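Down below is the structure, laid out as structure tokens.
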Amino acid sequence: MIGLSGIMRPQCKSALGFATERGLLRGIAMIALLICFSVLPACRKKHPAARVPNAPRPSRASAQAAPAKPLAISLGYSEQGVASWYGVPYHGRPAADGEIYDMETLVAAHRLLPFNTWLKVTNLANNKAVNVRVIDRGPFIEGRILDLSKAAARQIDLLGPGIGTIRLEVIAAPLDTPANDFYAVQVGAFSVQANAERARSLYAERFGTAQLALKQGAIPLWRVLVGREPSIQAAQQLANQLNVENKTVFVVRLDQQTPPF
């Protein structure tokens with residue numbers, strides 16, 4: 001008679017072996033998961049990340065320094081004289097450079113300085129200063145050198161007096177544009193275009209060239225500009241000649257926005 005222990009021993013061994021094998025597989029799976037999460041980052045959940053591109057390497061051509069281009073006006077150039085300010089009726093109308101004049105921005109009008117020239121303007125009565133950008137032409141009143149916007153005049157306490165002695169200094173300037181570096185003499189301004197055209201025609205017959213430039217305002221003014229000189233000095237000689245018969249002449253820069261007639 002076979003004992004009970006002898007019958008059950010092979011079955012126990014089989015069950016034990018199965019349990020051991022299953023436990024071993026489970027253990028291997030757990031180890032694999034631990035290795036995956038602790039050693040292999042690729043097994044983890046991936047999150048999108050922004051790619052930062054490498055900075056482009058400069059080519060041989062761009063690495064070489066570009067030749068310096070001359071400025072339209074030298075930095076540090078300065079003038080001293082009387083300044084005024086202007087607002088209505090020019091506010092909201094095109095300035096000489098084509099942009100809309102806003103009297104609450106820091107801009108100014110000058111007869112000769114290139115557009116987009118930046119000036120430091122100092123009120124010599126109180127030493128207050130403001131930086132402005134040239135966008136317009138003027139003032140066309142004898143003895144004045146600069147017209148400030150209302151906002152600029154407010155910053156240097158020029159609103160109340162209306163005019164004051166200032167010093168302007170060029171602190172930034174655009175690049176030179178030799179193709180447009182010409183000057184003329186303003187001999188008058190007319191509210192009636194027909195009268196301005198009549199005067200322009202007479203001056204053109206005498207001096208070879210004359211043109212009109214429109215100054216926008218509540219009442220538009222047609223400015224008559226005589227000559228097309230390559231320098232301020234040459235334009236001043238023409239102004240001296242014209243001054244004999246017309247005491248209110250001004251040397252002005254000819255701008256691209258001024259159409260020839």
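Every chain in the structure tokens has a letter given in the order shown (A, B, ...), and although residue numbers restart at 1 in each chain, ligands are simply numbered from 1 in the order shown.
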
Considering only C-alpha atoms, return as a list in words whatever protein or nucleic-acid residues lie within 8 Å of Tyr86 of chain A, sequence-local ones (same chain, fewer than 4 positions apart) excluded. Tyr90, Met103, Asp147, Leu148, Ser149 and Lys150 of chain A

Close residues, Ala204 of chain A itself excluded, 12 Å, only C-alpha atoms, min 4 positions apart in chain, as a list in words: Glu197, Arg198, Ala199, Arg200, Gly208, Thr209, Ala210, Gln211, Leu212, Val224, Leu225, Val226, Gly227, Arg228, Pro260 and Phe261 of chain A

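Closest approach to Gly162 of chain A among A:Gln193, A:Ser201, A:Asn246, A:Ser84: A:Ser84, based on only C-alpha atoms.
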
Shell around Arg133 of chain A at 12 Å using only C-alpha atoms, local window under 6 positions removed, as an MDAnalysis selection string: chainID A and resid 97 101 105:110 113:121 146:149 152 168:174

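Using only C-alpha atoms for every distance, the candidate list A:Ile166, A:Ala218, A:Val187, A:Ala153 yields A:Val187 as the residue closest to Val244 of chain A.
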
Rank nothing, just name the residue among A:Gly76, A:Gly188, A:Gly217, A:Gly164 nearest to Ala125 of chain A, using only C-alpha atoms.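 Among the listed residues, the smallest separation from Ala125 of chain A belongs to A:Gly164.
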
Per-residue DSSP, segment 101-215 of chain A, filtered to alpha helix (DSSP H), as a PyMOL selection string: chain A and resi 150-155+193-207

Residue subset to file, keeping C-alpha atoms, as a compact mmCIF listing (two decimals), in the first residue's frame:
```txt
# COMPACT_ATOMS: atom_id res chain seq x y z
CA LYS A 150 2.60 121.26 -28.61
CA ALA A 151 3.78 118.28 -26.55
CA ALA A 152 7.45 119.19 -27.05
CA ALA A 153 6.84 122.85 -26.19
CA ARG A 154 5.01 121.79 -23.03
CA GLN A 155 8.00 119.77 -21.81
CA GLN A 193 -3.32 127.88 -55.84
CA ALA A 194 -3.86 129.92 -59.01
CA ASN A 195 -1.93 132.84 -57.54
CA ALA A 196 0.87 130.50 -56.45
CA GLU A 197 1.03 128.98 -59.93
CA ARG A 198 1.22 132.43 -61.50
CA ALA A 199 4.15 133.38 -59.26
CA ARG A 200 5.85 130.05 -59.89
CA SER A 201 5.62 130.53 -63.64
CA LEU A 202 7.16 134.01 -63.47
CA TYR A 203 10.07 132.83 -61.30
CA ALA A 204 10.63 129.79 -63.51
CA GLU A 205 11.03 132.06 -66.55
CA ARG A 206 13.62 134.15 -64.72
CA PHE A 207 15.59 131.50 -62.83
```
